[in-house]
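Engineer: Here it is: the structure, laid out below.
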There are 2 protein chains.
Amino acid sequence: MSLFRPDIERIAGYVPGEQPRETGWVKLNTNENPYPPSPKVVAAIEAAAHARLNVYPDPLSTRFRQLAAELFNVEPDWILPANGSDENLTIIMRTFVDPKEQVAYPYPSYILYETLAEIQGASWVRLQLNADWSWNRDACRPLIENSKLVLVPNPNSPSGTRWSDDDILALLPPNGVLVLDEAYGDFCDDPHSGELLQSDAGKRIIITRTLSKSYSLAGIRMGFSVAHPDLTRGMLKVKDSYNCNTLSLAAGVAALEDQQWMKDNAARIRQSRSTLTASLSELGFEVETSQANFVWATHPEGRHQQIFEELKNRKILVRYMRFAGADENEIDGLRITVGTDDELGTFINAMREIV
Amino acid sequence: MSLFRPDIERIAGYVPGEQPRETGWVKLNTNENPYPPSPKVVAAIEAAAHARLNVYPDPLSTRFRQLAAELFNVEPDWILPANGSDENLTIIMRTFVDPKEQVAYPYPSYILYETLAEIQGASWVRLQLNADWSWNRDACRPLIENSKLVLVPNPNSPSGTRWSDDDILALLPPNGVLVLDEAYGDFCDDPHSGELLQSDAGKRIIITRTLSKSYSLAGIRMGFSVAHPDLTRGMLKVKDSYNCNTLSLAAGVAALEDQQWMKDNAARIRQSRSTLTASLSELGFEVETSQANFVWATHPEGRHQQIFEELKNRKILVRYMRFAGADENEIDGLRITVGTDDELGTFINAMREIV
């Protein structure tokens, strides 16, 4: 007899992208920022390490909440800091979704949402996107109407698509909450400042953000959600008392204070994204217009898995991804993180040999 | 209409002990270690801060698992590191307990377990302890038989009681899992090395540990569980992919490597615990025999809340706690963390004025 909950026995669990521990890899597979964090972040960590690690952190992350609130033109009580936006998504699922309730998310997209729903004992449905990554609103509507939670990465992964506010508002479930997972929000050409939250619909929208990508801090696990205090109030009950540690909070505060560092790196990445897109197009790939720090590339001749393997043999890691299609076909392709220009040069040279 | 799950709407949420942000307090309320962590920990954090914070941490915390395993004479696949043992407890609840199932825990004890059960939609029952903090086995047996999870702090809080292996084995639920929350395990006069895990019963026992207390690292949020791989396997599915961050892992590894530092501090605290117990006894308090880094003190004349307030007026924080008794009486008293001898001197001097 298994001692686990049946839901846990049944599921496979989420498998994150490979994280080789040794150096020497060109790592373009998990959308990390190739540039280091602000030197002010490093200094803040050092100061915190010499301060009082023997006492608990501030359970409400007061200073961090103030800074994050300013970015979205809201009050600090809209902000819930967490141990990576992964934890924000977990907290959201546990706050709003009861077992047997339904969760919806676009597909192809970030399949972690399925695992989080399954752990909660909830069901999930896929909002199948059109081949050009646009929404089939008529097909989606009844699924959304029956969902307690709709989770939408914007920009989307793996496509890098950024959907318009008009598209987004059509996804608001009439009896539930819409989560906009904006892990890649800072890489958009025209990032928003929380305008959508000020609308009436905004009272049922939760935005999640992470410092992993644009702030070059995947290692410190800091994320946060932005949502009306009426929603945040419940999420606060679910979070562990001290979910953010002293060092990550110090790093997070310093990172948010140094907006220019983040913006300069995001601009460099946008520049490299253009070059990468052009180079892949020259090699015969179809590359989606990306507003994130990665691109989704497919080749008319397929062979994506083989290309992935041949790159890996050269110690270049990208992400090979395969999804079920709307019809019986599978969709597959390569998701390539925008690294430094040097890394991307190495990648493109290898691709010239392989393709 | 509330958008929250009804369970979340209903609960109040757990309220941790006060964490004043300004200095100048004698803080004896949340069982922090008054001594700083090993200088090797600080050095490890500094090195990690200068390394690669832009990439994700090791999702399996390989080195940390090796070191923790050695302390309990098990293999690394018995260890699950987490963002504080709070997260271990949350992961355990989500792995083993379905909504409507029952959780049991001793009372008076750590009431966080009730909140965690409520968030999961489970019910909880209290295993009421005798007035001398011993077990009423006959009364407990039927409650344990119907429980999926039994959670027992050992040593207990607020009493500091350490229960024997014989007592512990009587708490194993026949159709469930026994969790031994050993946050204070290193402060025992005679700490164990995982012997209980080697028995047949050990396959259904999970030990949780934290680096917050004995390793002086409440600020970094590192805890771990020790359990047979058949149990750990399910918990791994529930944890977030990167639940431990690069800096906490570096600190945790360095802390586990420097056992002597921890043991020296634990020995100092045991020494101060004896002195504190004697001083409080002289002042007319009844003090429980404690195997933890705090003592539970009650005065025949009561007035515990008033004493707490008068201490607070002097910027000395202890914990005033009140519990429902087996009969209609309430149990209340003061839980005092074993601080430095200086802090305890200040505390005792104040007590001489107050009592």
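Convention: chains lettered A, B, ... in structure tokens order; per-chain residue numbering from 1; ligands numbered from 1 as shown.
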Using only C-alpha atoms and a distance of at most 7 Å, pull out the residues of chain A that contact chain B, as an MDAnalysis selection string.
Structural biologist: chainID A and resid 3:5 8:9 13 16 19 32:34 36:37 42 45:46 49:50 53:58 86 95:98 119 176 216:221 234 237:238 240:241 245:247
Engineer: Just the helix (DSSP H, G or I) stuff from segment 123-337 of chain A, please, per backbone DSSP, written as a PyMOL selection string.
Structural biologist: chain A and resi 137-145+165-169+185-187+195-198+201-204+218-220+229-238+246-257+259-282+304-313
Engineer: Skip Pro158 of chain B itself and residues of its chain fewer than 5 positions away, then list as an MDAnalysis selection string all residues within 10 Å of it, counting only C-alpha atoms.
Structural biologist: chainID B and resid 107:110 153 288 290 292 294:297 319 321 333:336
Engineer: Restricting the output to C-alpha atoms, write the selected residues as a PDB file, in the first residue's frame.
Structural biologist:
ATOM      1  CA  TYR B 107      -0.748  19.310  22.681  1.00  0.00           C
ATOM      2  CA  PRO B 108       0.509  21.685  24.018  1.00  0.00           C
ATOM      3  CA  SER B 109       3.019  21.817  21.231  1.00  0.00           C
ATOM      4  CA  TYR B 110       3.815  23.568  17.942  1.00  0.00           C
ATOM      5  CA  PRO B 153       8.436  17.789  17.971  1.00  0.00           C
ATOM      6  CA  GLU B 288      10.575  21.995  32.969  1.00  0.00           C
ATOM      7  CA  SER B 290      14.644  21.112  28.874  1.00  0.00           C
ATOM      8  CA  ALA B 292      16.218  22.321  23.813  1.00  0.00           C
ATOM      9  CA  PHE B 294      14.676  27.316  25.616  1.00  0.00           C
ATOM     10  CA  VAL B 295      12.929  26.648  28.898  1.00  0.00           C
ATOM     11  CA  TRP B 296       9.271  26.624  29.867  1.00  0.00           C
ATOM     12  CA  ALA B 297       8.661  28.441  33.134  1.00  0.00           C
ATOM     13  CA  ARG B 319       7.180  34.256  24.440  1.00  0.00           C
ATOM     14  CA  MET B 321       1.982  31.172  25.458  1.00  0.00           C
ATOM     15  CA  GLY B 333       3.494  30.250  30.874  1.00  0.00           C
ATOM     16  CA  LEU B 334       6.640  31.804  29.511  1.00  0.00           C
ATOM     17  CA  ARG B 335       8.957  30.246  26.970  1.00  0.00           C
ATOM     18  CA  ILE B 336      12.399  31.766  27.252  1.00  0.00           C
TER      19      ILE B 336
END
Engineer: Please identify the strand (DSSP E or B) residues within segment 99-297 of chain A (assignment by DSSP from backbone atoms) and present them as JSON, numbers by chain.
Structural biologist: {"A": [102, 103, 104, 105, 106, 107, 123, 124, 125, 126, 127, 128, 149, 150, 151, 152, 153, 177, 178, 179, 180, 181, 205, 206, 207, 208, 209, 210, 223, 224, 225, 226, 286, 287, 294, 295, 296, 297]}
Engineer: Would you save the residues of that selection, restricted to N, CA and C atoms, as a short mmCIF file (atom, residue, chain, number, x, y, z; two decimals), in the first residue's frame?
Structural biologist:
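And here's out-v6.cif as it stands now:
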data_model
loop_
_atom_site.label_atom_id
_atom_site.label_comp_id
_atom_site.auth_asym_id
_atom_site.auth_seq_id
_atom_site.Cartn_x
_atom_site.Cartn_y
_atom_site.Cartn_z
N GLN A 102 -10.95 23.12 -11.83
CA GLN A 102 -10.24 23.09 -13.11
C GLN A 102 -9.35 24.31 -13.29
N VAL A 103 -8.20 24.03 -13.89
CA VAL A 103 -7.21 25.05 -14.21
C VAL A 103 -7.00 25.01 -15.73
N ALA A 104 -6.87 26.17 -16.35
CA ALA A 104 -6.64 26.20 -17.80
C ALA A 104 -5.35 26.96 -18.11
N TYR A 105 -4.70 26.55 -19.17
CA TYR A 105 -3.49 27.28 -19.59
C TYR A 105 -3.30 27.07 -21.08
N PRO A 106 -2.60 28.02 -21.74
CA PRO A 106 -2.40 27.88 -23.18
C PRO A 106 -1.46 26.72 -23.48
N TYR A 107 -1.56 26.21 -24.68
CA TYR A 107 -0.72 25.09 -25.08
C TYR A 107 -0.40 25.25 -26.54
N SER A 123 -7.88 19.41 -11.83
CA SER A 123 -7.75 18.98 -13.23
C SER A 123 -7.27 20.17 -14.06
N TRP A 124 -6.71 19.87 -15.23
CA TRP A 124 -6.26 20.95 -16.09
C TRP A 124 -6.78 20.72 -17.51
N VAL A 125 -6.99 21.83 -18.19
CA VAL A 125 -7.32 21.76 -19.62
C VAL A 125 -6.37 22.68 -20.38
N ARG A 126 -6.11 22.28 -21.61
CA ARG A 126 -5.21 23.06 -22.45
C ARG A 126 -6.00 23.94 -23.39
N LEU A 127 -5.63 25.22 -23.44
CA LEU A 127 -6.22 26.15 -24.40
C LEU A 127 -5.32 26.12 -25.64
N GLN A 128 -5.70 25.26 -26.58
CA GLN A 128 -4.82 25.01 -27.73
C GLN A 128 -4.67 26.28 -28.57
N LEU A 149 -8.87 28.95 -12.31
CA LEU A 149 -7.61 29.66 -12.53
C LEU A 149 -7.24 29.51 -14.00
N VAL A 150 -6.83 30.61 -14.62
CA VAL A 150 -6.25 30.56 -15.95
C VAL A 150 -4.83 31.10 -15.84
N LEU A 151 -3.87 30.30 -16.26
CA LEU A 151 -2.45 30.68 -16.13
C LEU A 151 -1.87 30.93 -17.50
N VAL A 152 -1.33 32.12 -17.71
CA VAL A 152 -0.85 32.50 -19.03
C VAL A 152 0.52 33.15 -18.94
N PRO A 153 1.54 32.52 -19.51
CA PRO A 153 2.84 33.19 -19.56
C PRO A 153 2.79 34.28 -20.63
N VAL A 177 -9.68 33.50 -11.30
CA VAL A 177 -8.55 34.42 -11.30
C VAL A 177 -7.67 34.14 -12.52
N LEU A 178 -7.15 35.21 -13.10
CA LEU A 178 -6.22 35.10 -14.22
C LEU A 178 -4.81 35.40 -13.73
N VAL A 179 -3.90 34.47 -13.96
CA VAL A 179 -2.51 34.66 -13.56
C VAL A 179 -1.67 34.95 -14.80
N LEU A 180 -1.00 36.07 -14.80
CA LEU A 180 -0.07 36.40 -15.89
C LEU A 180 1.34 36.14 -15.39
N ASP A 181 1.93 35.10 -15.90
CA ASP A 181 3.28 34.71 -15.50
C ASP A 181 4.25 35.49 -16.38
N ILE A 205 -6.76 39.77 -11.43
CA ILE A 205 -5.53 39.41 -12.15
C ILE A 205 -4.36 39.37 -11.18
N ILE A 206 -3.56 38.33 -11.27
CA ILE A 206 -2.32 38.25 -10.50
C ILE A 206 -1.17 38.21 -11.49
N ILE A 207 -0.24 39.12 -11.32
CA ILE A 207 0.98 39.09 -12.13
C ILE A 207 2.08 38.45 -11.31
N THR A 208 2.81 37.52 -11.89
CA THR A 208 4.00 36.99 -11.19
C THR A 208 5.25 37.43 -11.94
N ARG A 209 6.27 37.74 -11.17
CA ARG A 209 7.54 38.19 -11.71
C ARG A 209 8.67 37.44 -11.02
N THR A 210 9.79 37.36 -11.68
CA THR A 210 10.95 36.71 -11.08
C THR A 210 12.17 37.59 -11.27
N GLY A 223 11.14 35.79 -6.34
CA GLY A 223 10.06 36.15 -7.23
C GLY A 223 9.04 36.93 -6.42
N PHE A 224 8.04 37.44 -7.07
CA PHE A 224 6.97 38.10 -6.33
C PHE A 224 5.71 38.12 -7.17
N SER A 225 4.58 38.27 -6.50
CA SER A 225 3.34 38.47 -7.22
C SER A 225 2.84 39.87 -6.94
N VAL A 226 2.08 40.39 -7.92
CA VAL A 226 1.44 41.70 -7.81
C VAL A 226 -0.05 41.46 -7.98
N GLU A 286 12.60 28.81 -39.39
CA GLU A 286 11.52 29.74 -39.13
C GLU A 286 11.63 30.13 -37.66
N VAL A 287 11.73 31.42 -37.39
CA VAL A 287 11.93 31.88 -36.01
C VAL A 287 10.76 32.78 -35.61
N PHE A 294 14.71 34.37 -25.32
CA PHE A 294 14.93 33.12 -26.06
C PHE A 294 14.17 33.22 -27.36
N VAL A 295 14.50 32.33 -28.29
CA VAL A 295 13.72 32.26 -29.53
C VAL A 295 13.30 30.82 -29.77
N TRP A 296 12.22 30.67 -30.48
CA TRP A 296 11.69 29.35 -30.85
C TRP A 296 11.94 29.16 -32.35
N ALA A 297 12.71 28.15 -32.68
CA ALA A 297 13.14 27.97 -34.07
C ALA A 297 12.74 26.59 -34.55
#
Engineer: Expressed in Å to a single decimal, how great is the separation between atom CA of Val338 of chain A and atom CA of Lys315 of chain A?
Structural biologist: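 Taking atom CA of Val338 of chain A as the start and atom CA of Lys315 of chain A as the end point, the length is 16.3 Å.
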Engineer: Expressed in Å to a single decimal, how great is the separation between atom CA of Ala255 of chain A and atom CA of His192 of chain A?
Structural biologist: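 Distance reported for this atom pair: 18.8 Å.
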Engineer: Work out how far atom CA of Gly325 of chain A is from atom CA of Phe347 of chain A, in Å to one decimal.
Structural biologist: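 Between atom CA of Phe347 of chain A and atom CA of Gly325 of chain A the gap is 28.2 Å.
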Engineer: Tell me which of A:Leu283, A:Ala326, A:Ile269, A:Leu249 sits closest to Met351 of chain A, counting only C-alpha atoms.
Structural biologist: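 With only C-alpha atoms as the atom set, the closest residue is A:Leu283.
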Engineer: Using only C-alpha atoms, determine which residues lie at most 9 Å from Gly194 of chain A, disregarding the query and same-chain residues fewer than 4 positions distant; provide the list as a PyMOL selection string.
Structural biologist: chain A and resi 71-74+198+207+226
Engineer: Skipping near chain neighbours, those fewer than 2 positions away, what residues fall within 10 Å of Glu343 of chain A using only C-alpha atoms, listed as an MDAnalysis selection string?
Structural biologist: chainID A and resid 25:28 34 316 338:341 345:349
Engineer: Fewer than 5 positions away in the same chain doesn't count, so skip those; otherwise give me all residues within 10 Å of Arg141 of chain A, counting only C-alpha atoms, as a ChimeraX atom specification.
Structural biologist: /A:127,136,146,170-173
